[in-house]
Amino acid sequence: MVATGKRKSETSSQRPIIEGRGISKFFGAVTALNDVSFELYPGEVLGIVGDNGAGKTTLMKVLSGLYKASEGDLLFEGQPAHFNSPKDARKLGIEMVYQDLALAGNMAIAENIYLGREPRNKFGFYHLGASQKMARKHLSNLKIHVKSVDQKVEELSGGQRQAVAIARATAFDAKVVIMDEPTAALAIREVGKVLDLIKNLKDRHISVILISHRMDDIFYVCDRVVALFQGTNFAESPLEDTSRSEVIGWIMGTKENPGELSHDRVE
Amino acid sequence: MTESSEGQKVADQDNHTLETHTRPDGLALRLLPYIDKYGILIVIFVMVAVLYVTQPDVFLSWRNITNIFKQTAVNAMLSIGMFLAILTAGIDLSIGSVMMLGMMSAGVAQFAGMPWPIVLILAPLAGMGAGLVNGIGITKLRMPHPFIMTLGMLFMARGLGNLISGGVPLTGFPDAIRFLGSYQIPLGEYDGTRFNLPVALVLTIVVYIAFSLMLKHTVLGRRIYAIGGNPEAARVSGINVDAVLITVYGICGFMAGIGGLLLIGRTSSAFPTAGTGAELEAIAACIIGGASFFGGRGTVLGVFGGVIVMGLIKNGLNLNNVSVFYQQILIGAIIVIAVFLDVLRREIGTRK
Amino acid sequence: MRRLPGLVSIFALTMTASIATVSAETIVVSMKGPGAGNPFWAAVEAGAKAMGAERGVDVIVLAPPTESDVASQISQIEDQLAKGIDGLVLAPTDPTALAPVVNEAIADGVPVVFIDTIGSNAGVTFIGTDNQAGAALASEFICNGVPSGSDVAILTGIVTQSTGKARADGSREGLTACGMNIVAEQTGEWDRAKGLNVMENIITGNPNIVAVFASNDNMALGAAEALKSAGVLDDVLLVGFDANPDAADSILAGEMTATIAQNPVNMGRFGVESVLKLAAGETLDPVIDTGTVLVTSDNAADFQ
């Protein structure tokens with residue numbers, strides 16, 4: 001079901017950091033994913049597109065350890081990987097940025113970044129000073145500017161929250177960051193900044209999987225795009241070899257005459 | 001791509017960086033954090049002033065002040081446990097009954113002739129046991145809301161307490177057991193007045209400082225706040241939310257047991273009706289103190305303030321011989337006003 | 001912020017509306033429950049206030065919001081002791097739990113008497129109904145009304161309380177003495193609804209019952225409903241205790257047969273009178289009986 005056999009020559013020579021082989025996921029009688037395969041290469045931004053219900057989010061949850069695949073194999077750096085919880089995935093450096101961001105609004109930026117992995121002092125107590133210091137350094141590495149790391153997350157704009165969520169995902173040696181619709185809830189002006197942040201991750205040689213409906217996002221940051229349709233691989237192509245109208249066609253489940261689709265003009 | 005007007009506004013003020021934008025804040029908005037933190041102290045100050053005017057000879061007498069703390073100590077213990085549950089956006093309806101269970105456990109042990117240290121430790125341990133059962137029920141039995149599990153425990157704990165005691169008051173505790181609830185440390189005499197410091201007050205202060213430090217400076221404390229703020233965020237961050245919740249309800253039960261020890265000290269009796277409705281008073285103190293039912297919000301100082309406000313209302317109205325019915329009305333009104341303030345605060349907060 | 005003064009002003013209003021006038025002697029009457037809504041405590045309050053007026057002393061009547069709120073009653077007394085009072089008339093919600101604060105009062109030199117329910121402090125006079133004698137009076141009425149050997153039932157109060165136990169003991173002894181067959185003795189916990197439920201169960205198992213003694217009128221009124229539903233009310237002698245107005249109505253309507261009147265007015269009157277005597281240096285008998293009276297259709301109108 002692969003649309004084009006071509007792949008970027010620079011990445012195809014490398015070993016994929018994550019590879020999925022024939023992954024299926026059933027919820028009772030419902031088949032959410034059926035024999036889906038993909039590869040993600042180091043430093044690559046892979047776009048995953050598909051209509052609602054195409055299986056994008058299920059696939060991401062399998063990758064991040066929230067779900068277990070019913071069938072198929074997941075390989076991490078060539079080795080089989082079995083995730084029982086997000087903790088296992090995180091140990092390998094796979095981090096997820098959730099669509100609803102999953103931040104505690106009542107807590108400070110620094111505390112959110114290290115939530116669940118709080119720095120402790122030598123007596124085992126929470127080390128607020130260390131978390132503030134680490135947060136400041138990490139945010140400045142990512143070129144994210146905030147008034148203060150003590151600011152509560154609920155006081156931030158959507159784009160700033162997205163930035164905090166990404167900062168959290170990359171706080172500890174992340175190799176892969178999975179983002180589910182990171183720009184869906186953002187004001188237009190903030191979208192560009194989040195996309196630049198994704199490019200910034202790529203420059204730091206972190207692989208990114210980007211789930212998005214927005215062709216602008218996909219074509220701005222992605223190296224390659226995979227289209228899912230009704231839970232199966234539908235098409236795949238390097239960005240340079242395809243067009244918006246073709247990708248939109250894939251989302252809708254067609255590979256013919258994409259130029260005629262009215263959606264292209266709307267988008 | 002649709003754009004909400006709010007999002008647009010945010011975008012307009014945001015000058016192309018991910019910097020925090022400063023907004024034209026109103027006075028109310030700038031005062032808000034202070035009211036959040038210290039509003040309760042203003043309320044207490046005014047109440048003290050009013051009470052002083054109505055009862056100048058009595059109200060600020062050392063005896064009356066220590067009375068207030070003696071009377072609020074039990075509620076203080078229950079409220080601080082309840083506060084943890086409320087911080088996680090939960091609730092513990094069982095603490096009144098669990099307190100009674102703790103008292104009865106101590107009573108039964110006392111009558112079985114056990115040495116006093118065992119009797120003493122049994123009340124909080126029984127409370128903690130009931131609390132852990134609450135926590136396990138809430139998490140592992142996947143109760144839809146802590147309300148359900150702790151409502152069940154409200155009945156079970158009281159039933160169990162009556163079962164082990166035969167439903168009769170158990171009396172005659174030695175001074176060692178009553179120490180926490182009844183002993184007064186003599187501070188000396190001045191100008192014909194004897195100054196005594198109730199141990200219950202010392203214990204209250206120690207416990208509140210300990211809880212304050214725990215919530216601020218331990219990983220557990222921060223995670224309790226995080227779970228209250230967004231349980232899903234806590235879960236996906238790898239926090240073992242179930243373990244934290246079980247710990248919280250265990251502590252809540254433990255504190256109910258400590259409250260039971262204070263009540264035993266105060267009354268020299270473990271009696272079947274002990275703690276009836278006490279959970280509601282604890283909830284009231286937390287709410288008045290600014291803890292939010294949505295979870296993740298509130299301070300130990302606020303809860304302490306809430307406890308004191310409740311105590312002042314009762315003490316003040318008692319001193320002025322006002323019917324207890326007014327106490328109920330007043331406490332009810334203050335709860336509603338306190339929550340209304342919380343609603344206003346949230347509204348102003350989201351309007352930013 | 002703007003709302004806070006509102007909250008405070010409610011408080012201030014309640015306070016200022018209530019500042020009591022200070023008089024020379026202040027006697028505090030601490031009842032188990034509020035007079036409002038309970039005729040028994042209302043009568044105690046009326047008796048105490050009447051005696052206070054006769055003697056020219058200030059009588060402050062206090063009660064916790066419910067009869068189970070032990071902690072409130074203790075706090076109320078502590079607060080009054082802090083103010084300084086000249087006598088305490090106490091109906092303890094829990095005799096042992098109230099003992100420490102009674103000791104505090106005694107240590108302050110405040111004269112104390114118990115009314116209604118005897119406390120656990122040694123040497124403090126009890127003024128109240130001899131409940132066992134009252135229950136015996138009720139038993140005597142039943143013994144005279146139905147043939148010896150008949151099936152009878154007793155609804156007890158909470159027998160872990162002294163009042164509940166005394167009434168249960170008095171009725172059991174009285175009914176056994178005249179040869180009645182007690183087929184059931186169960187608790188309705190002083191509660192009307194529970195009295196109804198328990199009576200329903202008893203009557204189902206013992207259809208030949210001809211007389212019932214309920215340890216208070218609330219349970220008797222509940223039992224009357226159960227007997228009415230079973231269609232046997234007219235055949236059963238139903239005796240309560242307390243002579244509250246509802247019971248008097250019920251007797252006049254021909255449903256309950258009789259009840260035993262305590263004398264709550266006397267409890268209030270004697271209570272205030274007794275602490276004044278103690279304050280004047282007199283001594284009191286350890287127990288002062290306020291008396292019990294059989295109430296039937298002949299005199300029920302007096303208790304409505």
# chains A, B, ... in the order shown; residues from 1 in each chain; ligands from 1
call {"tool": "residues_around", "arguments": {"residues": "segment 287-292 of chain C", "least_positions_apart": "5", "cutoff": "12 Å", "atoms": "only C-alpha atoms", "output": "PyMOL selection string"}}
result
chain C and resi 44+113-119+123-138+241-243+259-271+273-274
call {"tool": "write_last_selection", "arguments": {"atoms": "N, CA and C atoms", "output": "short mmCIF file (atom, residue, chain, number, x, y, z; two decimals), in the first residue's frame"}}
result
data_model
loop_
_atom_site.label_atom_id
_atom_site.label_comp_id
_atom_site.auth_asym_id
_atom_site.auth_seq_id
_atom_site.Cartn_x
_atom_site.Cartn_y
_atom_site.Cartn_z
N VAL C 44 -38.82 22.61 80.11
CA VAL C 44 -37.70 22.79 81.03
C VAL C 44 -37.27 24.25 81.03
N VAL C 113 -25.94 21.21 89.28
CA VAL C 113 -26.87 20.08 89.44
C VAL C 113 -27.15 19.49 88.06
N PHE C 114 -27.49 18.20 88.05
CA PHE C 114 -27.92 17.56 86.81
C PHE C 114 -29.45 17.52 86.77
N ILE C 115 -30.00 17.74 85.63
CA ILE C 115 -31.43 17.50 85.45
C ILE C 115 -31.63 16.49 84.32
N ASP C 116 -32.74 15.82 84.36
CA ASP C 116 -33.17 14.88 83.32
C ASP C 116 -32.31 13.63 83.24
N THR C 117 -30.99 13.81 83.05
CA THR C 117 -30.10 12.66 82.89
C THR C 117 -28.99 12.78 83.93
N ILE C 118 -28.78 11.70 84.67
CA ILE C 118 -27.79 11.78 85.74
C ILE C 118 -26.39 11.76 85.15
N GLY C 119 -25.53 12.60 85.69
CA GLY C 119 -24.16 12.65 85.21
C GLY C 119 -23.28 11.66 85.94
N GLY C 123 -21.23 13.11 93.78
CA GLY C 123 -21.59 14.19 94.69
C GLY C 123 -22.41 15.30 94.07
N VAL C 124 -22.79 15.14 92.79
CA VAL C 124 -23.61 16.17 92.16
C VAL C 124 -25.07 15.69 92.18
N THR C 125 -25.94 16.53 92.68
CA THR C 125 -27.35 16.17 92.82
C THR C 125 -28.03 15.98 91.47
N PHE C 126 -28.89 14.97 91.41
CA PHE C 126 -29.67 14.73 90.19
C PHE C 126 -31.12 15.08 90.44
N ILE C 127 -31.66 15.90 89.57
CA ILE C 127 -33.06 16.30 89.66
C ILE C 127 -33.77 15.78 88.43
N GLY C 128 -34.72 14.84 88.62
CA GLY C 128 -35.38 14.33 87.42
C GLY C 128 -36.38 13.26 87.74
N THR C 129 -36.81 12.66 86.66
CA THR C 129 -37.83 11.64 86.77
C THR C 129 -37.20 10.35 87.25
N ASP C 130 -37.90 9.66 88.17
CA ASP C 130 -37.50 8.30 88.48
C ASP C 130 -38.11 7.44 87.37
N ASN C 131 -37.30 7.21 86.34
CA ASN C 131 -37.83 6.57 85.14
C ASN C 131 -38.30 5.15 85.40
N GLN C 132 -37.61 4.49 86.31
CA GLN C 132 -38.02 3.12 86.61
C GLN C 132 -39.40 3.12 87.27
N ALA C 133 -39.61 4.06 88.17
CA ALA C 133 -40.91 4.16 88.82
C ALA C 133 -42.00 4.51 87.80
N GLY C 134 -41.64 5.39 86.87
CA GLY C 134 -42.61 5.78 85.83
C GLY C 134 -42.99 4.60 84.96
N ALA C 135 -41.99 3.79 84.59
CA ALA C 135 -42.26 2.62 83.76
C ALA C 135 -43.09 1.60 84.54
N ALA C 136 -42.82 1.52 85.84
CA ALA C 136 -43.61 0.61 86.68
C ALA C 136 -45.07 1.06 86.71
N LEU C 137 -45.26 2.37 86.75
CA LEU C 137 -46.62 2.94 86.73
C LEU C 137 -47.34 2.53 85.44
N ALA C 138 -46.62 2.60 84.32
CA ALA C 138 -47.19 2.20 83.04
C ALA C 138 -47.53 0.71 83.04
N PHE C 241 -44.55 7.06 76.95
CA PHE C 241 -43.87 7.71 78.08
C PHE C 241 -43.47 9.10 77.62
N ASP C 242 -43.66 10.09 78.45
CA ASP C 242 -43.27 11.50 78.23
C ASP C 242 -44.47 12.45 78.19
N ALA C 243 -45.64 11.95 77.75
CA ALA C 243 -46.83 12.80 77.63
C ALA C 243 -46.57 14.04 76.78
N THR C 259 -50.14 7.40 78.61
CA THR C 259 -48.72 7.72 78.60
C THR C 259 -48.35 8.15 80.01
N ILE C 260 -47.07 8.27 80.24
CA ILE C 260 -46.59 8.68 81.56
C ILE C 260 -46.02 10.08 81.43
N ALA C 261 -46.52 10.98 82.27
CA ALA C 261 -46.03 12.35 82.20
C ALA C 261 -44.84 12.53 83.13
N GLN C 262 -43.77 13.06 82.58
CA GLN C 262 -42.71 13.56 83.44
C GLN C 262 -43.10 14.98 83.78
N ASN C 263 -42.28 15.62 84.55
CA ASN C 263 -42.61 17.00 84.85
C ASN C 263 -41.43 17.90 84.50
N PRO C 264 -41.27 18.17 83.19
CA PRO C 264 -40.10 18.95 82.76
C PRO C 264 -40.09 20.36 83.33
N VAL C 265 -41.28 20.92 83.55
CA VAL C 265 -41.32 22.27 84.13
C VAL C 265 -40.63 22.25 85.48
N ASN C 266 -40.94 21.20 86.26
CA ASN C 266 -40.31 21.08 87.58
C ASN C 266 -38.80 20.90 87.48
N MET C 267 -38.36 20.19 86.42
CA MET C 267 -36.91 20.02 86.27
C MET C 267 -36.24 21.38 86.15
N GLY C 268 -36.82 22.23 85.33
CA GLY C 268 -36.27 23.57 85.14
C GLY C 268 -36.35 24.37 86.43
N ARG C 269 -37.54 24.32 87.05
CA ARG C 269 -37.76 25.10 88.29
C ARG C 269 -36.82 24.62 89.39
N PHE C 270 -36.89 23.30 89.68
CA PHE C 270 -36.06 22.76 90.77
C PHE C 270 -34.58 22.95 90.49
N GLY C 271 -34.22 22.83 89.22
CA GLY C 271 -32.81 22.96 88.85
C GLY C 271 -32.27 24.32 89.26
N GLU C 273 -33.64 26.50 91.24
CA GLU C 273 -33.81 26.68 92.69
C GLU C 273 -32.67 26.00 93.46
N SER C 274 -32.30 24.81 93.00
CA SER C 274 -31.31 24.02 93.72
C SER C 274 -29.92 24.64 93.64
#
call {"tool": "select_by_dssp", "arguments": {"residues": "segment 43-123 of chain A", "states": "alpha helix (DSSP H)", "output": "list of chain:residue names"}}
result
A:Lys56, A:Thr57, A:Thr58, A:Leu59, A:Met60, A:Lys61, A:Val62, A:Leu63, A:Pro86, A:Lys87, A:Asp88, A:Ala89, A:Arg90, A:Lys91, A:Ile109, A:Ala110, A:Glu111, A:Asn112, A:Ile113
call {"tool": "interface_residues", "arguments": {"of": "chain A", "to": "chain B", "cutoff": "6 Å", "atoms": "only C-alpha atoms", "output": "ChimeraX atom specification"}}
result
/A:87,102-106,116,125-126,145-147,160,187
call {"tool": "interface_residues", "arguments": {"of": "chain B", "to": "chain C", "cutoff": "8 Å", "atoms": "only C-alpha atoms", "output": "MDAnalysis selection string"}}
result
chainID B and resid 28 35 39 43 46:47 50:51 54 58 63:64 67 71 167:169 171 266:271 273:274 276 315:326 330 334 337 341
call {"tool": "residues_around", "arguments": {"residues": "segment 183-185 of chain B", "least_positions_apart": "2", "cutoff": "7 Å", "atoms": "only C-alpha atoms", "output": "compact mmCIF listing (two decimals) with N, CA and C atoms, in the first residue's frame"}}
result
# COMPACT_ATOMS: atom_id res chain seq x y z
N PHE B 179 -3.54 13.13 77.88
CA PHE B 179 -2.56 14.21 77.86
C PHE B 179 -2.76 15.16 76.67
N LEU B 180 -2.84 14.59 75.47
CA LEU B 180 -2.92 15.42 74.26
C LEU B 180 -4.15 16.31 74.28
N GLY B 181 -5.25 15.77 74.75
CA GLY B 181 -6.51 16.52 74.64
C GLY B 181 -6.82 17.38 75.84
N LEU B 187 2.26 27.96 82.49
CA LEU B 187 3.27 28.92 82.06
C LEU B 187 3.63 29.88 83.19
N ASN B 196 -2.03 29.00 81.28
CA ASN B 196 -1.77 27.62 80.89
C ASN B 196 -1.83 27.51 79.38
N LEU B 197 -0.99 26.64 78.85
CA LEU B 197 -0.99 26.44 77.41
C LEU B 197 -1.51 25.02 77.13
N PRO B 198 -2.66 24.91 76.48
CA PRO B 198 -3.18 23.57 76.20
C PRO B 198 -2.26 22.81 75.25
N VAL B 199 -2.00 21.56 75.57
CA VAL B 199 -1.17 20.72 74.69
C VAL B 199 -1.82 20.62 73.31
call {"tool": "residues_around", "arguments": {"residues": "segment 172-185 of chain A", "least_positions_apart": "3", "cutoff": "6 Å", "atoms": "only C-alpha atoms", "output": "MDAnalysis selection string"}}
result
chainID A and resid 93:99 191 206:212
